[in-house]
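> Let me begin by handing over the structure; questions about it come next.
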Amino acid sequence: MDVIEYLKGVYEAWIDYPTKEGTVITDKYRIQQFLGLGSYGLTYICVDLDSGQEVVLKQAKPSKGKVGRDLLYREIDVLGRLRHPSIQRCLSSLEYKNQLHMVTEYVKGQTIDDLIFERGAVFSEHEAIYFVRRLMGILSYVHEQGFVHLDIRLPNVILDGDQIHLIDFGLASRMGEPIRNKFGSDDERALSTTAEVPNDLYGIGHFMLFMLYSGYNSDTFEVESNAGWEDELTVSPLTKHMLRKLLQMDPPYTDPQQFVRDLDHWLNR
Ligand SMILES: Nc1ncnc2c1ncn2[C@@H]1O[C@H](COP(=O)(O)OP(=O)(O)OP(=O)(O)O)[C@@H](O)[C@H]1O
């Protein structure tokens, strides 16, 4: 490994080191547990010392500098404009030790990623379609408010009992805005694409594919490309039709409500 790369890694690990459990931030939030280091943020569960409530505190990742701050600002702004029982509310934002932090509601439960890959949960075709139909209810609200989520993935959907929650609005953009990727790159490819509903439908396609693959019996369970799933998965023609449109193998849905109608049609057969 290049010495510069090595030193950069050591430096980033040092400045991105999580704040210690027990630390009280701005006399109000006591860190209870470090949840994880994302691509641009550090996330903790805290107790709000005034209300006793558990909340989530997200800190812009110091090594990402302005990009980390900008993405967290965006998330604070977008969450502040959304009001939906399945979307965490932003409770406040604050500066602590020159770092931007966002406080949101804590969503209990488990991500679909953990359910499938750690707990071995298996979703039947019916369960996957029903789940995606409910997820589309949340996503349609986001779209109606003029936003595109842009990061629909298994780790960003939490199931708490029977309640579905959509989290991680760090990449969410207004419809028509140029897409920036997670690392803040504004290379030509990223700028030539604007945030549109089909971006989320494409994410939903992969989400659905992973749910359907949870029941696939193979040692090499991986969805690496779109090729292969049509041979490997035994699904109904309507599911195949929806997936091909979502994954843009066939002309994509121009109206997301047409997709919702297809899901309803599947469920009401
Ligand atoms: N409001 C929330 N309630 C409960 N858990 C949350 C909440 N927000 C984030 N998490 C959890 O905290 C962890 C870290 O989340 P974060 O979004 O910072 O990074 P990530 O999803 O791991 O990475 P990336 O940002 O690269 O996708 C994840 O396990 C996520 O499920």
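Within each chain, counting starts at residue 1; across the structure tokens, chains are named A, B, ... in the order shown, with ligands numbered 1 upward in that order.
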Report as a count of residues only all protein, DNA and RNA residues lying within 7 Å of region 76-79 of chain A, evaluated on only C-alpha atoms, omitting residues in the same chain fewer than 6 positions from it.

3

> Which protein, DNA or RNA residues have an atom within 7 Å of ligand 1, counting only C-alpha atoms and all ligand atoms, as a PDB file with N, CA, C and O atoms, in the first residue's frame?


ATOM      1  N   LEU A  35     -23.908   3.571  16.992  1.00  0.00           N
ATOM      2  CA  LEU A  35     -24.619   2.664  16.074  1.00  0.00           C
ATOM      3  C   LEU A  35     -23.788   2.296  14.859  1.00  0.00           C
ATOM      4  O   LEU A  35     -23.856   1.184  14.368  1.00  0.00           O
ATOM      5  N   GLY A  36     -23.037   3.263  14.355  1.00  0.00           N
ATOM      6  CA  GLY A  36     -22.245   2.909  13.176  1.00  0.00           C
ATOM      7  C   GLY A  36     -21.632   4.096  12.472  1.00  0.00           C
ATOM      8  O   GLY A  36     -22.039   5.250  12.662  1.00  0.00           O
ATOM      9  N   LEU A  37     -20.632   3.757  11.672  1.00  0.00           N
ATOM     10  CA  LEU A  37     -19.925   4.753  10.865  1.00  0.00           C
ATOM     11  C   LEU A  37     -20.400   4.586   9.431  1.00  0.00           C
ATOM     12  O   LEU A  37     -20.139   3.558   8.805  1.00  0.00           O
ATOM     13  N   GLY A  38     -21.139   5.578   8.929  1.00  0.00           N
ATOM     14  CA  GLY A  38     -21.612   5.507   7.548  1.00  0.00           C
ATOM     15  C   GLY A  38     -20.616   6.166   6.624  1.00  0.00           C
ATOM     16  O   GLY A  38     -19.515   6.534   7.041  1.00  0.00           O
ATOM     17  N   SER A  39     -20.995   6.331   5.363  1.00  0.00           N
ATOM     18  CA  SER A  39     -20.033   6.907   4.427  1.00  0.00           C
ATOM     19  C   SER A  39     -19.791   8.382   4.707  1.00  0.00           C
ATOM     20  O   SER A  39     -18.747   8.909   4.334  1.00  0.00           O
ATOM     21  N   TYR A  40     -20.737   9.054   5.354  1.00  0.00           N
ATOM     22  CA  TYR A  40     -20.484  10.456   5.638  1.00  0.00           C
ATOM     23  C   TYR A  40     -20.934  10.878   7.028  1.00  0.00           C
ATOM     24  O   TYR A  40     -20.939  12.055   7.352  1.00  0.00           O
ATOM     25  N   GLY A  41     -21.293   9.905   7.870  1.00  0.00           N
ATOM     26  CA  GLY A  41     -21.737  10.289   9.210  1.00  0.00           C
ATOM     27  C   GLY A  41     -21.467   9.230  10.257  1.00  0.00           C
ATOM     28  O   GLY A  41     -21.196   8.065   9.942  1.00  0.00           O
ATOM     29  N   LEU A  42     -21.485   9.678  11.516  1.00  0.00           N
ATOM     30  CA  LEU A  42     -21.393   8.754  12.643  1.00  0.00           C
ATOM     31  C   LEU A  42     -22.732   8.838  13.365  1.00  0.00           C
ATOM     32  O   LEU A  42     -23.246   9.944  13.584  1.00  0.00           O
ATOM     33  N   THR A  43     -23.275   7.685  13.724  1.00  0.00           N
ATOM     34  CA  THR A  43     -24.617   7.668  14.290  1.00  0.00           C
ATOM     35  C   THR A  43     -24.603   7.038  15.686  1.00  0.00           C
ATOM     36  O   THR A  43     -23.940   6.011  15.894  1.00  0.00           O
ATOM     37  N   VAL A  56     -31.850   9.542  18.062  1.00  0.00           N
ATOM     38  CA  VAL A  56     -30.664   9.222  17.266  1.00  0.00           C
ATOM     39  C   VAL A  56     -29.911  10.514  16.979  1.00  0.00           C
ATOM     40  O   VAL A  56     -30.516  11.533  16.615  1.00  0.00           O
ATOM     41  N   LYS A  58     -26.864  12.079  14.720  1.00  0.00           N
ATOM     42  CA  LYS A  58     -25.985  11.811  13.582  1.00  0.00           C
ATOM     43  C   LYS A  58     -25.011  12.967  13.449  1.00  0.00           C
ATOM     44  O   LYS A  58     -25.415  14.130  13.417  1.00  0.00           O
ATOM     45  N   GLN A  88     -38.733   9.129  10.167  1.00  0.00           N
ATOM     46  CA  GLN A  88     -38.256   9.726  11.415  1.00  0.00           C
ATOM     47  C   GLN A  88     -38.334  11.256  11.330  1.00  0.00           C
ATOM     48  O   GLN A  88     -38.010  11.829  10.294  1.00  0.00           O
ATOM     49  N   THR A 104     -32.690  13.006  15.566  1.00  0.00           N
ATOM     50  CA  THR A 104     -33.965  12.520  15.019  1.00  0.00           C
ATOM     51  C   THR A 104     -34.598  11.529  15.977  1.00  0.00           C
ATOM     52  O   THR A 104     -33.956  11.085  16.941  1.00  0.00           O
ATOM     53  N   GLU A 105     -35.834  11.169  15.657  1.00  0.00           N
ATOM     54  CA  GLU A 105     -36.499  10.117  16.426  1.00  0.00           C
ATOM     55  C   GLU A 105     -35.719   8.816  16.255  1.00  0.00           C
ATOM     56  O   GLU A 105     -35.120   8.586  15.196  1.00  0.00           O
ATOM     57  N   TYR A 106     -35.748   8.006  17.283  1.00  0.00           N
ATOM     58  CA  TYR A 106     -35.111   6.685  17.209  1.00  0.00           C
ATOM     59  C   TYR A 106     -36.149   5.679  16.723  1.00  0.00           C
ATOM     60  O   TYR A 106     -37.256   5.622  17.252  1.00  0.00           O
ATOM     61  N   VAL A 107     -35.779   4.938  15.692  1.00  0.00           N
ATOM     62  CA  VAL A 107     -36.692   3.925  15.164  1.00  0.00           C
ATOM     63  C   VAL A 107     -36.237   2.565  15.689  1.00  0.00           C
ATOM     64  O   VAL A 107     -35.119   2.123  15.400  1.00  0.00           O
ATOM     65  N   LYS A 108     -37.103   1.930  16.486  1.00  0.00           N
ATOM     66  CA  LYS A 108     -36.732   0.602  17.005  1.00  0.00           C
ATOM     67  C   LYS A 108     -36.904  -0.419  15.889  1.00  0.00           C
ATOM     68  O   LYS A 108     -37.421  -0.108  14.831  1.00  0.00           O
ATOM     69  N   THR A 111     -33.293  -3.624  10.522  1.00  0.00           N
ATOM     70  CA  THR A 111     -33.302  -3.313   9.095  1.00  0.00           C
ATOM     71  C   THR A 111     -33.597  -4.609   8.321  1.00  0.00           C
ATOM     72  O   THR A 111     -33.338  -5.714   8.810  1.00  0.00           O
ATOM     73  N   PRO A 155     -30.633  -1.813   3.963  1.00  0.00           N
ATOM     74  CA  PRO A 155     -30.284  -1.273   5.292  1.00  0.00           C
ATOM     75  C   PRO A 155     -31.041   0.014   5.640  1.00  0.00           C
ATOM     76  O   PRO A 155     -30.960   0.471   6.775  1.00  0.00           O
ATOM     77  N   ASN A 156     -31.746   0.572   4.674  1.00  0.00           N
ATOM     78  CA  ASN A 156     -32.436   1.838   4.938  1.00  0.00           C
ATOM     79  C   ASN A 156     -33.934   1.674   5.172  1.00  0.00           C
ATOM     80  O   ASN A 156     -34.688   2.653   5.169  1.00  0.00           O
ATOM     81  N   ILE A 167     -35.555   5.132   6.354  1.00  0.00           N
ATOM     82  CA  ILE A 167     -34.576   6.037   6.981  1.00  0.00           C
ATOM     83  C   ILE A 167     -33.523   6.486   5.965  1.00  0.00           C
ATOM     84  O   ILE A 167     -33.576   6.103   4.799  1.00  0.00           O
ATOM     85  N   ASP A 168     -32.562   7.243   6.440  1.00  0.00           N
ATOM     86  CA  ASP A 168     -31.396   7.703   5.677  1.00  0.00           C
ATOM     87  C   ASP A 168     -31.760   8.558   4.462  1.00  0.00           C
ATOM     88  O   ASP A 168     -31.717   8.099   3.309  1.00  0.00           O
TER      89      ASP A 168
END

> Which distance in Å separates CA of Arg30 (chain A) and CA of Ala60 (chain A), to one decimal?

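These two atoms are separated by 17.6 Å.
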
> Point out the residue among A:Ile129, A:Val142, A:Leu94, A:Ile152 with the least atom-to-atom distance to Met175 (chain A), counting only C-alpha atoms.

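Among the listed residues, the smallest separation from Met175 (chain A) belongs to A:Val142.
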
> Mind checking which residues fall within 12 Å of Met249 (chain A), counting only C-alpha atoms, ignoring those fewer than 2 positions away in the same chain, and posting them as a count of residues only?

17

> Restricting the calculation to only C-alpha atoms, which member of A:Gln257, A:Gln163, A:Ser86, A:Gln99 is positioned closest to Pro62 (chain A)?

A:Gln99

> Using only C-alpha atoms, can you tell me which of A:Gln53, A:Ser124, A:Ser63, A:Gln32 comes closest to Val10 (chain A)?

A:Ser63
